[in-house]
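The data block below is structure-v3.cif; it holds mmCIF, C-alpha atoms and all ligand atoms.
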data_work
#
loop_
_atom_site.label_atom_id
_atom_site.label_comp_id
_atom_site.auth_asym_id
_atom_site.auth_seq_id
_atom_site.Cartn_x
_atom_site.Cartn_y
_atom_site.Cartn_z
CA MET A 1 -25.57 78.09 -5.41
CA ASP A 2 -25.40 81.88 -5.94
CA PRO A 3 -27.28 83.89 -3.34
CA LEU A 4 -30.61 85.39 -4.35
CA LEU A 5 -30.30 88.08 -1.68
CA GLU A 6 -27.01 89.44 -0.46
CA LEU A 7 -25.97 92.21 1.91
CA ARG A 8 -22.35 93.12 1.40
CA GLY A 9 -20.61 95.31 3.99
CA VAL A 10 -23.87 97.07 4.81
CA CYS A 11 -23.75 100.02 7.21
CA ALA A 12 -26.77 102.01 8.33
CA ALA A 13 -27.36 105.11 10.40
CA TYR A 14 -30.21 107.05 11.95
CA ASP A 15 -29.54 110.77 12.35
CA ARG A 16 -25.84 110.17 11.76
CA ILE A 17 -25.63 107.55 14.50
CA THR A 18 -24.32 104.39 12.89
CA VAL A 19 -26.23 101.28 14.00
CA LEU A 20 -25.00 98.72 11.44
CA HIS A 21 -21.26 98.29 10.95
CA GLY A 22 -20.65 96.23 7.80
CA ILE A 23 -23.19 93.39 7.73
CA ASP A 24 -22.46 90.49 5.34
CA LEU A 25 -25.34 88.10 4.77
CA LYS A 26 -26.40 85.77 1.98
CA VAL A 27 -29.68 83.92 1.37
CA THR A 28 -30.03 81.43 -1.48
CA ALA A 29 -33.28 80.18 -3.01
CA GLY A 30 -34.79 77.46 -0.83
CA GLN A 31 -32.83 78.47 2.25
CA VAL A 32 -34.09 79.72 5.62
CA VAL A 33 -31.64 82.09 7.29
CA ALA A 34 -32.29 83.16 10.89
CA LEU A 35 -31.05 86.55 12.00
CA LEU A 36 -30.80 86.50 15.78
CA GLY A 37 -29.62 88.86 18.46
CA PRO A 38 -30.62 90.87 21.50
CA ASN A 39 -32.84 93.98 21.61
CA GLY A 40 -31.53 96.90 19.61
CA ALA A 41 -28.84 94.82 17.86
CA GLY A 42 -29.92 95.99 14.40
CA LYS A 43 -31.99 93.05 13.15
CA THR A 44 -35.03 95.04 11.99
CA THR A 45 -32.81 97.66 10.37
CA THR A 46 -31.05 94.87 8.44
CA LEU A 47 -34.39 93.48 7.29
CA ASN A 48 -35.63 96.93 6.29
CA ILE A 49 -32.50 97.42 4.20
CA ALA A 50 -33.18 94.11 2.45
CA ALA A 51 -36.70 95.38 1.64
CA GLY A 52 -35.47 98.79 0.44
CA ALA A 53 -37.28 100.52 3.32
CA HIS A 54 -34.02 101.89 4.69
CA ARG A 55 -31.07 102.96 2.59
CA PRO A 56 -27.59 101.69 3.52
CA SER A 57 -25.07 104.42 4.32
CA ALA A 58 -22.33 102.16 2.94
CA GLY A 59 -22.08 98.72 1.36
CA CYS A 60 -24.59 97.24 -1.03
CA LEU A 61 -27.72 95.16 -1.41
CA LEU A 62 -27.74 92.62 -4.24
CA LEU A 63 -30.76 90.81 -5.65
CA GLY A 64 -29.98 87.98 -8.03
CA GLY A 65 -26.44 89.38 -8.27
CA ARG A 66 -27.69 92.84 -9.33
CA ASP A 67 -26.88 95.88 -7.18
CA VAL A 68 -30.23 97.25 -5.99
CA SER A 69 -28.93 99.49 -3.19
CA GLY A 70 -31.18 102.50 -2.88
CA ALA A 71 -33.98 100.96 -4.98
CA HIS A 72 -37.50 101.98 -3.95
CA PRO A 73 -39.31 99.38 -1.79
CA ARG A 74 -42.06 99.22 -4.43
CA ASP A 75 -39.52 98.21 -7.08
CA LEU A 76 -38.04 95.56 -4.81
CA ALA A 77 -41.56 94.29 -4.11
CA ARG A 78 -42.13 94.05 -7.88
CA ALA A 79 -38.86 92.14 -8.14
CA GLY A 80 -40.23 89.58 -5.68
CA VAL A 81 -39.12 90.81 -2.25
CA CYS A 82 -41.87 90.59 0.37
CA LEU A 83 -41.50 92.06 3.87
CA ILE A 84 -43.85 90.97 6.63
CA PRO A 85 -43.13 93.56 9.30
CA GLU A 86 -43.22 93.21 13.05
CA GLY A 87 -46.82 93.95 14.05
CA ARG A 88 -47.98 92.13 10.90
CA GLY A 89 -49.02 95.08 8.70
CA ILE A 90 -52.65 94.07 8.44
CA PHE A 91 -55.68 96.38 8.60
CA PRO A 92 -57.53 95.56 11.83
CA ASN A 93 -60.86 97.17 10.88
CA LEU A 94 -61.12 95.43 7.53
CA SER A 95 -62.41 91.89 7.16
CA VAL A 96 -60.06 89.01 6.44
CA ARG A 97 -61.41 88.91 2.88
CA ASP A 98 -60.85 92.64 2.30
CA ASN A 99 -57.34 92.43 3.75
CA LEU A 100 -56.62 89.79 1.13
CA ARG A 101 -58.46 91.46 -1.76
CA MET A 102 -56.76 94.80 -1.27
CA MET A 103 -53.43 93.11 -2.04
CA THR A 104 -54.53 92.84 -5.67
CA PHE A 105 -54.33 96.67 -5.84
CA THR A 106 -50.59 96.41 -5.34
CA GLY A 107 -50.43 94.99 -8.85
CA ARG A 108 -48.32 92.00 -7.82
CA ALA A 109 -50.81 89.85 -5.95
CA LEU A 110 -52.25 86.85 -7.75
CA PRO A 111 -55.97 87.21 -8.59
CA GLU A 112 -56.68 83.87 -6.87
CA ILE A 113 -55.39 85.29 -3.59
CA GLU A 114 -58.41 84.15 -1.58
CA GLU A 115 -58.26 80.55 -2.83
CA ILE A 116 -54.54 80.39 -2.07
CA ALA A 117 -55.02 81.83 1.42
CA TYR A 118 -57.97 79.63 2.38
CA GLU A 119 -56.38 76.48 1.05
CA ARG A 120 -53.19 77.03 3.05
CA PHE A 121 -54.93 78.44 6.15
CA PRO A 122 -58.47 77.00 6.29
CA VAL A 123 -59.24 78.97 9.46
CA LEU A 124 -59.03 82.19 7.41
CA GLY A 125 -61.72 80.84 5.08
CA ASP A 126 -63.95 80.06 8.08
CA ARG A 127 -63.45 83.61 9.33
CA HIS A 128 -63.36 85.55 6.07
CA ARG A 129 -66.04 88.04 7.16
CA GLN A 130 -64.45 88.72 10.56
CA ALA A 131 -62.54 91.98 11.24
CA ALA A 132 -58.84 91.14 11.12
CA GLY A 133 -58.22 92.92 14.43
CA THR A 134 -60.51 90.46 16.21
CA LEU A 135 -58.60 87.37 15.01
CA SER A 136 -56.32 85.62 17.49
CA GLY A 137 -52.63 86.57 17.33
CA GLY A 138 -51.78 83.36 15.47
CA GLU A 139 -54.62 83.86 12.98
CA GLN A 140 -53.48 87.45 12.37
CA GLN A 141 -49.99 86.20 11.64
CA MET A 142 -51.48 83.62 9.22
CA LEU A 143 -53.32 86.45 7.48
CA ALA A 144 -50.09 88.46 7.24
CA LEU A 145 -48.33 85.42 5.76
CA ALA A 146 -51.21 84.79 3.35
CA ARG A 147 -51.05 88.41 2.15
CA GLY A 148 -47.35 87.98 1.54
CA LEU A 149 -47.78 84.66 -0.24
CA ALA A 150 -50.29 86.16 -2.62
CA THR A 151 -47.46 88.17 -4.15
CA ASP A 152 -45.71 84.90 -5.04
CA PRO A 153 -42.46 86.13 -3.45
CA ALA A 154 -38.98 85.00 -4.38
CA VAL A 155 -37.61 86.46 -1.15
CA LEU A 156 -39.60 86.49 2.09
CA LEU A 157 -38.48 88.74 4.94
CA LEU A 158 -40.13 88.00 8.29
CA ASP A 159 -39.80 90.16 11.38
CA GLU A 160 -40.53 88.50 14.75
CA LEU A 161 -43.13 86.06 13.51
CA SER A 162 -43.33 84.58 17.01
CA MET A 163 -44.11 87.88 18.78
CA GLY A 164 -46.76 87.32 21.45
CA LEU A 165 -47.73 83.84 20.27
CA ALA A 166 -47.92 80.50 22.05
CA PRO A 167 -45.04 78.12 21.16
CA MET A 168 -47.39 75.62 19.47
CA VAL A 169 -48.80 78.29 17.16
CA VAL A 170 -45.29 79.53 16.36
CA GLY A 171 -44.22 75.98 15.48
CA GLU A 172 -47.17 75.64 13.11
CA LEU A 173 -46.41 78.99 11.42
CA TYR A 174 -42.77 78.00 10.94
CA GLU A 175 -43.89 74.74 9.32
CA HIS A 176 -45.59 76.90 6.67
CA VAL A 177 -42.41 78.94 6.28
CA ALA A 178 -40.33 75.75 5.86
CA GLU A 179 -42.76 74.56 3.18
CA LEU A 180 -42.30 77.84 1.27
CA ALA A 181 -38.54 77.40 1.40
CA ARG A 182 -38.90 73.83 0.08
CA ARG A 183 -40.69 75.38 -2.89
CA GLY A 184 -37.67 77.60 -3.55
CA VAL A 185 -38.40 80.82 -1.67
CA ALA A 186 -35.36 82.48 -0.05
CA VAL A 187 -36.39 83.27 3.54
CA LEU A 188 -34.70 85.66 5.98
CA VAL A 189 -36.24 85.56 9.46
CA VAL A 190 -35.53 87.96 12.30
CA GLU A 191 -36.19 86.56 15.75
CA GLN A 192 -35.14 87.55 19.21
CA PHE A 193 -36.15 84.17 20.63
CA ALA A 194 -34.41 81.54 18.59
CA THR A 195 -35.86 78.15 19.52
CA ALA A 196 -38.68 77.85 16.99
CA VAL A 197 -36.91 79.28 13.96
CA LEU A 198 -33.79 77.19 14.55
CA LYS A 199 -35.87 74.05 14.03
CA ILE A 200 -36.22 75.02 10.37
CA ALA A 201 -33.21 77.29 9.72
CA ASP A 202 -30.38 76.18 7.40
CA HIS A 203 -28.13 79.01 8.47
CA ALA A 204 -28.04 81.48 11.35
CA ALA A 205 -26.37 84.81 11.98
CA VAL A 206 -26.07 86.46 15.38
CA VAL A 207 -26.02 90.26 15.31
CA VAL A 208 -24.72 92.13 18.33
CA ARG A 209 -24.42 95.93 18.39
CA GLY A 210 -24.72 96.19 14.62
CA SER A 211 -22.15 93.55 13.63
CA VAL A 212 -22.46 89.89 12.79
CA GLN A 213 -20.66 88.19 15.68
CA TRP A 214 -21.22 84.63 14.55
CA GLN A 215 -22.68 82.89 11.54
CA GLY A 216 -22.91 79.33 10.39
CA HIS A 217 -24.98 76.18 10.58
CA PRO A 218 -27.32 76.20 13.58
CA ASP A 219 -25.65 73.52 15.67
CA SER A 220 -24.71 73.19 19.31
CA SER A 221 -21.94 75.81 19.09
CA LEU A 222 -24.61 78.37 18.16
CA HIS A 223 -26.52 77.62 21.35
CA ALA A 224 -23.41 78.30 23.42
CA GLU A 225 -22.82 81.46 21.41
CA LEU A 226 -26.39 82.68 21.89
CA SER A 227 -26.49 82.09 25.59
CA SER A 228 -23.25 84.03 26.02
CA TYR A 229 -24.69 87.05 24.17
CA TYR A 230 -28.09 86.95 25.82
CA LEU A 231 -26.66 86.36 29.26
CA GLY A 232 -24.10 89.10 28.72
CA SER A 233 -20.97 87.04 29.24
CA ALA A 234 -19.67 87.63 25.68
P1 LIG A 301 -35.46 94.68 18.65
O1 LIG A 301 -35.21 93.21 18.76
O2 LIG A 301 -35.52 95.36 19.99
O3 LIG A 301 -36.62 95.04 17.75
P2 LIG A 301 -33.45 95.12 16.61
O4 LIG A 301 -32.30 94.19 16.72
O5 LIG A 301 -34.46 94.82 15.57
O6 LIG A 301 -34.12 95.34 18.02
P3 LIG A 301 -33.28 97.75 15.40
O7 LIG A 301 -34.73 98.01 15.56
O8 LIG A 301 -32.76 97.51 14.04
O9 LIG A 301 -32.80 96.56 16.36
O10 LIG A 301 -32.49 98.98 16.06
C1 LIG A 301 -31.07 99.09 16.00
C2 LIG A 301 -30.67 100.43 16.63
O11 LIG A 301 -31.16 101.50 15.84
C3 LIG A 301 -31.27 100.63 18.02
O12 LIG A 301 -30.29 101.25 18.81
C4 LIG A 301 -32.45 101.54 17.80
O13 LIG A 301 -32.67 102.40 18.92
C5 LIG A 301 -31.99 102.37 16.60
N1 LIG A 301 -33.14 102.76 15.76
C6 LIG A 301 -34.02 101.93 15.13
N2 LIG A 301 -34.93 102.62 14.43
C7 LIG A 301 -34.63 103.93 14.61
C8 LIG A 301 -35.21 105.16 14.16
N3 LIG A 301 -36.27 105.16 13.34
N4 LIG A 301 -34.63 106.31 14.56
C9 LIG A 301 -33.54 106.33 15.36
N5 LIG A 301 -32.94 105.21 15.82
C10 LIG A 301 -33.47 104.03 15.46
#

Please rewrite the model in this file as structure tokens.
Ligand code: ATP
Amino acid sequence: MDPLLELRGVCAAYDRITVLHGIDLKVTAGQVVALLGPNGAGKTTTLNIAAGAHRPSAGCLLLGGRDVSGAHPRDLARAGVCLIPEGRGIFPNLSVRDNLRMMTFTGRALPEIEEIAYERFPVLGDRHRQAAGTLSGGEQQMLALARGLATDPAVLLLDELSMGLAPMVVGELYEHVAELARRGVAVLVVEQFATAVLKIADHAAVVVRGSVQWQGHPDSSLHAELSSYYLGSA
């Protein structure tokens, strides 16, 4: 199947310091791809490039086979790319309901956003009047996912979904992500800690110092690969 999202030879720099050195990555509809690697490897930068939030200094970003390098993040969002950033991107002082409703102002969210969110995450319905910042970490991540889902994304980009959460909660969140992929969404997930995402990933890529050092099916050879990078013996 042709990839829905593709990074081809992508390089990126901050203040002329190159941090990505030719990243090649493909995500097809219905696939979960895990982007793994140690701190500072370039995972978030890669995800931001896929969302149009950072412009590649070389190489290209393709969406449905079309070159969209340099496109504005708003245009990529309209084309179905949804980024859920690290830190969740929710408004802590607004209620759960208002966090959801304000998505309709983006022009891409479905009007039935609240029904969709409360059906998938009943706890958000129970807590719809509560300030988002007072939700538990797992509930906040559900709210972030629900906001993303309301845009009916074709491509979902997730940054460190597991950050600060108990393993059981992370497992539950990834079950939702797997269900989205079964419905045809192309999912690219950045994680520093691989265990939970590898339960649902179809493909994994390990980024080290701005280059993909390994990619393939997440099998036992990946585990050996990961431990060598994380333990510094690579
Ligand atoms: P982590 O897991 O720690 O979040 P990461 O793999 O997501 O790391 P990036 O955040 O993409 O890595 O960072 C890659 C490199 O780019 C790092 O060396 C980082 O210091 C640098 N970097 C990231 N953002 C900026 C920025 N806004 N300005 C300058 N340098 C940056």

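Comparing A:Leu36, A:Ala58, A:Leu157, A:Val185 by their smallest distance to ligand LIG 301 (chain A), the closest is A:Leu36 (using all atoms listed in the file).
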
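A straight line drawn from atom CA of A:Ile113 to atom CA of A:Leu5 is 25.3 Å long.
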
>> Around ligand LIG 301 (chain A), out to 12 Å and counting all atoms listed in the file, which residues are there? I want them as a VMD selection string.
In response: chain A and resid 11 to 21 35 to 49 53 to 54 85 to 87 158 to 163 189 to 194 206 to 212 230

Go ahead and write the selection's residues with C-alpha atoms as a short mmCIF file (atom, residue, chain, number, x, y, z; two decimals), in the coordinates of the input.
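Ended up saving to part-v3.cif:
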data_model
loop_
_atom_site.label_atom_id
_atom_site.label_comp_id
_atom_site.auth_asym_id
_atom_site.auth_seq_id
_atom_site.Cartn_x
_atom_site.Cartn_y
_atom_site.Cartn_z
CA CYS A 11 -23.75 100.02 7.21
CA ALA A 12 -26.77 102.01 8.33
CA ALA A 13 -27.36 105.11 10.40
CA TYR A 14 -30.21 107.05 11.95
CA ASP A 15 -29.54 110.77 12.35
CA ARG A 16 -25.84 110.17 11.76
CA ILE A 17 -25.63 107.55 14.50
CA THR A 18 -24.32 104.39 12.89
CA VAL A 19 -26.23 101.28 14.00
CA LEU A 20 -25.00 98.72 11.44
CA HIS A 21 -21.26 98.29 10.95
CA LEU A 35 -31.05 86.55 12.00
CA LEU A 36 -30.80 86.50 15.78
CA GLY A 37 -29.62 88.86 18.46
CA PRO A 38 -30.62 90.87 21.50
CA ASN A 39 -32.84 93.98 21.61
CA GLY A 40 -31.53 96.90 19.61
CA ALA A 41 -28.84 94.82 17.86
CA GLY A 42 -29.92 95.99 14.40
CA LYS A 43 -31.99 93.05 13.15
CA THR A 44 -35.03 95.04 11.99
CA THR A 45 -32.81 97.66 10.37
CA THR A 46 -31.05 94.87 8.44
CA LEU A 47 -34.39 93.48 7.29
CA ASN A 48 -35.63 96.93 6.29
CA ILE A 49 -32.50 97.42 4.20
CA ALA A 53 -37.28 100.52 3.32
CA HIS A 54 -34.02 101.89 4.69
CA PRO A 85 -43.13 93.56 9.30
CA GLU A 86 -43.22 93.21 13.05
CA GLY A 87 -46.82 93.95 14.05
CA LEU A 158 -40.13 88.00 8.29
CA ASP A 159 -39.80 90.16 11.38
CA GLU A 160 -40.53 88.50 14.75
CA LEU A 161 -43.13 86.06 13.51
CA SER A 162 -43.33 84.58 17.01
CA MET A 163 -44.11 87.88 18.78
CA VAL A 189 -36.24 85.56 9.46
CA VAL A 190 -35.53 87.96 12.30
CA GLU A 191 -36.19 86.56 15.75
CA GLN A 192 -35.14 87.55 19.21
CA PHE A 193 -36.15 84.17 20.63
CA ALA A 194 -34.41 81.54 18.59
CA VAL A 206 -26.07 86.46 15.38
CA VAL A 207 -26.02 90.26 15.31
CA VAL A 208 -24.72 92.13 18.33
CA ARG A 209 -24.42 95.93 18.39
CA GLY A 210 -24.72 96.19 14.62
CA SER A 211 -22.15 93.55 13.63
CA VAL A 212 -22.46 89.89 12.79
CA TYR A 230 -28.09 86.95 25.82
#

Edge lengths and centre in Å to one decimal, as JSON, is what I'm after for the box along x, y and z that holds all listed atoms of stretch 42-56 of chain A once 8 Å is added on each side.
{"center_x": -32.4, "center_y": 98.0, "center_z": 7.4, "size_x": 25.7, "size_y": 25.9, "size_z": 30.0}

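Around A:Pro92, within 9 Å and counting all atoms listed in the file, the residues found are Asn99, Ala131, Ala132, Gly133, Thr134 and Leu135 of chain A, once anything fewer than 6 positions away on its own chain is removed.
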
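Atom to atom, atom CA of A:Ser69 and atom CA of A:Thr28 stand 18.2 Å apart.
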
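Residues in contact range of A:Ala77, defined as at most 9 Å between only C-alpha atoms, with sequence neighbours fewer than 4 positions away removed, read A:Ala51, A:Gly52, A:His72, A:Pro73, A:Val81, A:Cys82, A:Leu83, A:Arg108, A:Thr151, A:Pro153.
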